[in-house]
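S.K.: Sending over data-v2.cif (mmCIF, C-alpha atoms).
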```
data_model
#
loop_
_atom_site.group_PDB
_atom_site.id
_atom_site.type_symbol
_atom_site.label_atom_id
_atom_site.label_comp_id
_atom_site.auth_asym_id
_atom_site.auth_seq_id
_atom_site.Cartn_x
_atom_site.Cartn_y
_atom_site.Cartn_z
ATOM 1 C CA MET A 111 0.000 0.000 0.000
ATOM 2 C CA LYS A 112 2.805 2.402 0.820
ATOM 3 C CA ILE A 113 4.394 1.756 -2.563
ATOM 4 C CA ARG A 114 1.104 2.590 -4.316
ATOM 5 C CA SER A 115 0.861 5.849 -2.364
ATOM 6 C CA LEU A 116 4.416 6.778 -3.282
ATOM 7 C CA LEU A 117 3.747 5.969 -6.934
ATOM 8 C CA ASN A 118 0.651 8.191 -6.828
ATOM 9 C CA ALA A 119 2.805 10.976 -5.373
ATOM 10 C CA LEU A 120 5.336 10.517 -8.191
ATOM 11 C CA ILE A 121 2.528 10.651 -10.744
ATOM 12 C CA GLY A 122 1.382 13.885 -9.093
ATOM 13 C CA ILE A 123 4.897 15.281 -9.522
ATOM 14 C CA TRP A 124 4.699 14.320 -13.192
ATOM 15 C CA PHE A 125 1.435 16.248 -13.574
ATOM 16 C CA PHE A 126 3.104 19.209 -11.864
ATOM 17 C CA ILE A 127 5.956 19.308 -14.408
ATOM 18 C CA ALA A 128 4.002 18.006 -17.431
ATOM 19 C CA PRO A 129 3.007 21.437 -18.806
ATOM 20 C CA TRP A 130 6.658 22.154 -19.601
ATOM 21 C CA VAL A 131 7.719 18.631 -20.528
ATOM 22 C CA MET A 132 4.674 18.019 -22.756
ATOM 23 C CA ASP A 133 4.675 21.619 -24.055
ATOM 24 C CA PHE A 134 1.264 22.910 -23.046
ATOM 25 C CA SER A 135 2.459 25.627 -20.673
ATOM 26 C CA ASP A 136 1.171 28.249 -23.118
ATOM 27 C CA GLN A 137 -2.429 27.290 -22.250
ATOM 28 C CA SER A 138 -2.924 29.053 -18.918
ATOM 29 C CA GLY A 139 -6.031 27.104 -17.859
ATOM 30 C CA ALA A 140 -4.454 23.739 -18.551
ATOM 31 C CA LEU A 141 -1.190 24.881 -16.961
ATOM 32 C CA TRP A 142 -2.732 26.063 -13.697
ATOM 33 C CA LEU A 143 -5.097 23.122 -13.327
ATOM 34 C CA SER A 144 -2.267 20.665 -13.947
ATOM 35 C CA LEU A 145 -0.161 22.457 -11.319
ATOM 36 C CA ILE A 146 -2.972 22.648 -8.758
ATOM 37 C CA PHE A 147 -4.278 19.107 -9.167
ATOM 38 C CA GLY A 148 -0.741 17.690 -9.398
ATOM 39 C CA ALA A 149 0.176 19.402 -6.118
ATOM 40 C CA ILE A 150 -3.046 18.196 -4.471
ATOM 41 C CA GLN A 151 -2.281 14.663 -5.629
ATOM 42 C CA VAL A 152 1.257 14.768 -4.226
ATOM 43 C CA ILE A 153 0.158 16.194 -0.873
ATOM 44 C CA CYS A 154 -2.777 13.821 -0.384
ATOM 45 C CA ALA A 155 -0.845 10.761 -1.571
ATOM 46 C CA LEU A 156 1.918 11.512 0.932
ATOM 47 C CA CYS A 157 -0.565 12.333 3.726
ATOM 48 C CA GLY A 158 -2.406 9.085 2.975
ATOM 49 C CA TYR A 159 0.832 7.098 2.879
ATOM 50 C CA ASP A 160 -0.180 4.978 5.862
ATOM 51 C CA LYS A 161 -3.971 5.239 5.555
ATOM 52 C CA PHE A 162 -6.156 2.406 4.318
ATOM 53 C CA GLY A 163 -9.815 1.559 3.968
ATOM 54 C CA TRP A 164 -12.819 3.406 2.573
ATOM 55 C CA ARG A 165 -12.720 6.093 5.295
ATOM 56 C CA SER A 166 -9.363 7.446 4.151
ATOM 57 C CA TRP A 167 -10.277 10.886 2.781
ATOM 58 C CA GLN A 168 -6.760 11.278 1.386
ATOM 59 C CA ASN A 169 -7.258 8.305 -0.928
ATOM 60 C CA TRP A 170 -10.637 9.687 -1.997
ATOM 61 C CA ILE A 171 -9.018 12.981 -2.975
ATOM 62 C CA VAL A 172 -6.280 11.166 -4.900
ATOM 63 C CA LEU A 173 -8.980 9.106 -6.645
ATOM 64 C CA LEU A 174 -10.710 12.340 -7.678
ATOM 65 C CA THR A 175 -7.450 13.800 -9.009
ATOM 66 C CA GLY A 176 -6.947 10.612 -11.026
ATOM 67 C CA ILE A 177 -10.430 10.940 -12.504
ATOM 68 C CA TRP A 178 -9.750 14.621 -13.215
ATOM 69 C CA PHE A 179 -6.575 13.771 -15.131
ATOM 70 C CA ILE A 180 -8.523 11.229 -17.227
ATOM 71 C CA ILE A 181 -10.935 13.921 -18.482
ATOM 72 C CA PHE A 182 -8.572 16.925 -18.254
ATOM 73 C CA PRO A 183 -6.891 16.698 -21.704
ATOM 74 C CA PHE A 184 -10.228 16.460 -23.503
ATOM 75 C CA ILE A 185 -11.518 19.653 -21.898
ATOM 76 C CA TYR A 186 -8.490 21.612 -23.118
ATOM 77 C CA SER A 187 -8.094 19.804 -26.487
ATOM 78 C CA LEU A 188 -4.488 18.926 -25.752
ATOM 79 C CA SER A 189 -2.243 16.977 -28.131
ATOM 80 C CA ASP A 190 -2.414 13.210 -28.505
ATOM 81 C CA GLY A 191 0.752 12.658 -26.445
ATOM 82 C CA VAL A 192 -0.680 14.650 -23.557
ATOM 83 C CA VAL A 193 -4.017 12.840 -23.852
ATOM 84 C CA TRP A 194 -2.417 9.402 -23.683
ATOM 85 C CA SER A 195 -0.060 10.342 -20.867
ATOM 86 C CA SER A 196 -2.790 11.961 -18.808
ATOM 87 C CA VAL A 197 -5.395 9.243 -19.356
ATOM 88 C CA ILE A 198 -3.033 6.348 -18.628
ATOM 89 C CA LEU A 199 -1.543 7.966 -15.517
ATOM 90 C CA GLY A 200 -5.009 9.069 -14.377
ATOM 91 C CA ILE A 201 -6.255 5.481 -14.644
ATOM 92 C CA ILE A 202 -3.209 4.182 -12.752
ATOM 93 C CA THR A 203 -3.802 6.800 -10.035
ATOM 94 C CA ALA A 204 -7.473 5.845 -9.731
ATOM 95 C CA VAL A 205 -6.687 2.116 -9.616
ATOM 96 C CA PHE A 206 -3.995 2.567 -6.952
ATOM 97 C CA SER A 207 -6.332 4.734 -4.865
ATOM 98 C CA LEU A 208 -9.160 2.208 -5.077
ATOM 99 C CA TRP A 209 -6.698 -0.553 -4.245
ATOM 100 C CA ASN A 210 -5.533 1.380 -1.170
ATOM 101 C CA MET A 211 -9.109 1.994 -0.075
ATOM 102 C CA GLY A 212 -9.936 -1.676 -0.519
ATOM 103 C CA SER A 213 -7.005 -2.712 1.651
ATOM 104 C CA THR A 214 -7.896 -3.936 5.122
ATOM 105 C CA SER A 215 -4.443 -3.468 6.636
ATOM 106 C CA ASN A 216 -1.313 -1.399 6.303
ATOM 107 C CA SER A 217 0.560 -4.363 4.848
ATOM 108 C CA THR A 218 2.705 -4.031 1.730
ATOM 109 C CA GLU A 219 2.160 -7.653 0.726
ATOM 110 C CA ILE A 220 1.319 -8.330 -2.892
ATOM 111 C CA ASN A 221 -2.148 -9.684 -2.099
ATOM 112 C CA ASN A 222 -3.242 -6.425 -0.417
#
```
I need this file expressed as structure tokens, please.
M.R.:
Amino acid sequence: MKIRSLLNALIGIWFFIAPWVMDFSDQSGALWLSLIFGAIQVICALCGYDKFGWRSWQNWIVLLTGIWFIIFPFIYSLSDGVVWSSVILGIITAVFSLWNMGSTSNSTEINN
């Protein structure tokens, strides 16, 4: 579970730097929302590092940021590379968050 949280934090860092790496920093709306939601994802993933179960609000927030990054590139009509990157990493974020919420313990075993 801790590894999934750390991976979600790393994905959040990617979304924070993506506007410059993927060259959409000239679109102010897309830039600012990527920065804000990326930062929220990093903060909540790290705060939820040791939280598990459906009552973990941190994992719920990270799930919502993952869903946001799935729909985000379509709202701003971003390039295909940005769409694929955002959708795939958004899905991974959502899956990891749901997996953390479905965990019944703080174990890092493969079956949790």
S.K.: Do you know which residues the PyMOL selection byres ((chain A and resi 164-176) around 9) returns on this file, as a ChimeraX atom specification?
M.R.: /A:115,118,122,147-148,150-159,161-163,177-180,196-197,199-208,210-213
S.K.: Please save C-alpha atoms of the selected residues as a PDB file, keeping the file's coordinate frame.
M.R.:
```
ATOM      1  CA  SER A 115       0.861   5.849  -2.364  1.00  0.00           C
ATOM      2  CA  ASN A 118       0.651   8.191  -6.828  1.00  0.00           C
ATOM      3  CA  GLY A 122       1.382  13.885  -9.093  1.00  0.00           C
ATOM      4  CA  PHE A 147      -4.278  19.107  -9.167  1.00  0.00           C
ATOM      5  CA  GLY A 148      -0.741  17.690  -9.398  1.00  0.00           C
ATOM      6  CA  ILE A 150      -3.046  18.196  -4.471  1.00  0.00           C
ATOM      7  CA  GLN A 151      -2.281  14.663  -5.629  1.00  0.00           C
ATOM      8  CA  VAL A 152       1.257  14.768  -4.226  1.00  0.00           C
ATOM      9  CA  ILE A 153       0.158  16.194  -0.873  1.00  0.00           C
ATOM     10  CA  CYS A 154      -2.777  13.821  -0.384  1.00  0.00           C
ATOM     11  CA  ALA A 155      -0.845  10.761  -1.571  1.00  0.00           C
ATOM     12  CA  LEU A 156       1.918  11.512   0.932  1.00  0.00           C
ATOM     13  CA  CYS A 157      -0.565  12.333   3.726  1.00  0.00           C
ATOM     14  CA  GLY A 158      -2.406   9.085   2.975  1.00  0.00           C
ATOM     15  CA  TYR A 159       0.832   7.098   2.879  1.00  0.00           C
ATOM     16  CA  LYS A 161      -3.971   5.239   5.555  1.00  0.00           C
ATOM     17  CA  PHE A 162      -6.156   2.406   4.318  1.00  0.00           C
ATOM     18  CA  GLY A 163      -9.815   1.559   3.968  1.00  0.00           C
ATOM     19  CA  ILE A 177     -10.430  10.940 -12.504  1.00  0.00           C
ATOM     20  CA  TRP A 178      -9.750  14.621 -13.215  1.00  0.00           C
ATOM     21  CA  PHE A 179      -6.575  13.771 -15.131  1.00  0.00           C
ATOM     22  CA  ILE A 180      -8.523  11.229 -17.227  1.00  0.00           C
ATOM     23  CA  SER A 196      -2.790  11.961 -18.808  1.00  0.00           C
ATOM     24  CA  VAL A 197      -5.395   9.243 -19.356  1.00  0.00           C
ATOM     25  CA  LEU A 199      -1.543   7.966 -15.517  1.00  0.00           C
ATOM     26  CA  GLY A 200      -5.009   9.069 -14.377  1.00  0.00           C
ATOM     27  CA  ILE A 201      -6.255   5.481 -14.644  1.00  0.00           C
ATOM     28  CA  ILE A 202      -3.209   4.182 -12.752  1.00  0.00           C
ATOM     29  CA  THR A 203      -3.802   6.800 -10.035  1.00  0.00           C
ATOM     30  CA  ALA A 204      -7.473   5.845  -9.731  1.00  0.00           C
ATOM     31  CA  VAL A 205      -6.687   2.116  -9.616  1.00  0.00           C
ATOM     32  CA  PHE A 206      -3.995   2.567  -6.952  1.00  0.00           C
ATOM     33  CA  SER A 207      -6.332   4.734  -4.865  1.00  0.00           C
ATOM     34  CA  LEU A 208      -9.160   2.208  -5.077  1.00  0.00           C
ATOM     35  CA  ASN A 210      -5.533   1.380  -1.170  1.00  0.00           C
ATOM     36  CA  MET A 211      -9.109   1.994  -0.075  1.00  0.00           C
ATOM     37  CA  GLY A 212      -9.936  -1.676  -0.519  1.00  0.00           C
ATOM     38  CA  SER A 213      -7.005  -2.712   1.651  1.00  0.00           C
TER      39      SER A 213
END
```
S.K.: For atom CA of Gly191 of chain A and atom CA of Trp209 of chain A, determine how far apart the two atoms are, in Å to one decimal place.
M.R.: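 Between atom CA of Gly191 of chain A and atom CA of Trp209 of chain A the gap works out to 26.9 Å.
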S.K.: Residues picked by the PyMOL selection byres ((chain A and resi 127-132) around 9) here, as a PDB file with C-alpha atoms, in the frame of the given file?
M.R.:
```
ATOM      1  CA  GLY A 122       1.382  13.885  -9.093  1.00  0.00           C
ATOM      2  CA  ILE A 123       4.897  15.281  -9.522  1.00  0.00           C
ATOM      3  CA  TRP A 124       4.699  14.320 -13.192  1.00  0.00           C
ATOM      4  CA  PHE A 125       1.435  16.248 -13.574  1.00  0.00           C
ATOM      5  CA  PHE A 126       3.104  19.209 -11.864  1.00  0.00           C
ATOM      6  CA  ASP A 133       4.675  21.619 -24.055  1.00  0.00           C
ATOM      7  CA  PHE A 134       1.264  22.910 -23.046  1.00  0.00           C
ATOM      8  CA  SER A 135       2.459  25.627 -20.673  1.00  0.00           C
ATOM      9  CA  ASP A 136       1.171  28.249 -23.118  1.00  0.00           C
ATOM     10  CA  GLN A 137      -2.429  27.290 -22.250  1.00  0.00           C
ATOM     11  CA  ALA A 140      -4.454  23.739 -18.551  1.00  0.00           C
ATOM     12  CA  LEU A 141      -1.190  24.881 -16.961  1.00  0.00           C
ATOM     13  CA  TRP A 142      -2.732  26.063 -13.697  1.00  0.00           C
ATOM     14  CA  SER A 144      -2.267  20.665 -13.947  1.00  0.00           C
ATOM     15  CA  LEU A 145      -0.161  22.457 -11.319  1.00  0.00           C
ATOM     16  CA  GLY A 148      -0.741  17.690  -9.398  1.00  0.00           C
ATOM     17  CA  SER A 189      -2.243  16.977 -28.131  1.00  0.00           C
ATOM     18  CA  GLY A 191       0.752  12.658 -26.445  1.00  0.00           C
ATOM     19  CA  VAL A 192      -0.680  14.650 -23.557  1.00  0.00           C
TER      20      VAL A 192
END
```
S.K.: Can you work out the spacing between atom CA of Gly139 of chain A and atom CA of Trp194 of chain A in Å, to one decimal?
M.R.: 19.0 Å
S.K.: To one decimal in Å, tell me the separation between atom CA of Ile113 of chain A and atom CA of Ile198 of chain A.
M.R.: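 These atoms are spaced 18.3 Å apart.
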S.K.: Which centre and edge lengths in Å to one decimal define the box along x, y and z that fits every listed atom of segment 145-157 of chain A plus 5 Å per side, as lines of an AutoDock Vina configuration file?
M.R.:
```
center_x = -1.2
center_y = 16.7
center_z = -3.8
size_x = 16.2
size_y = 21.9
size_z = 25.0
```
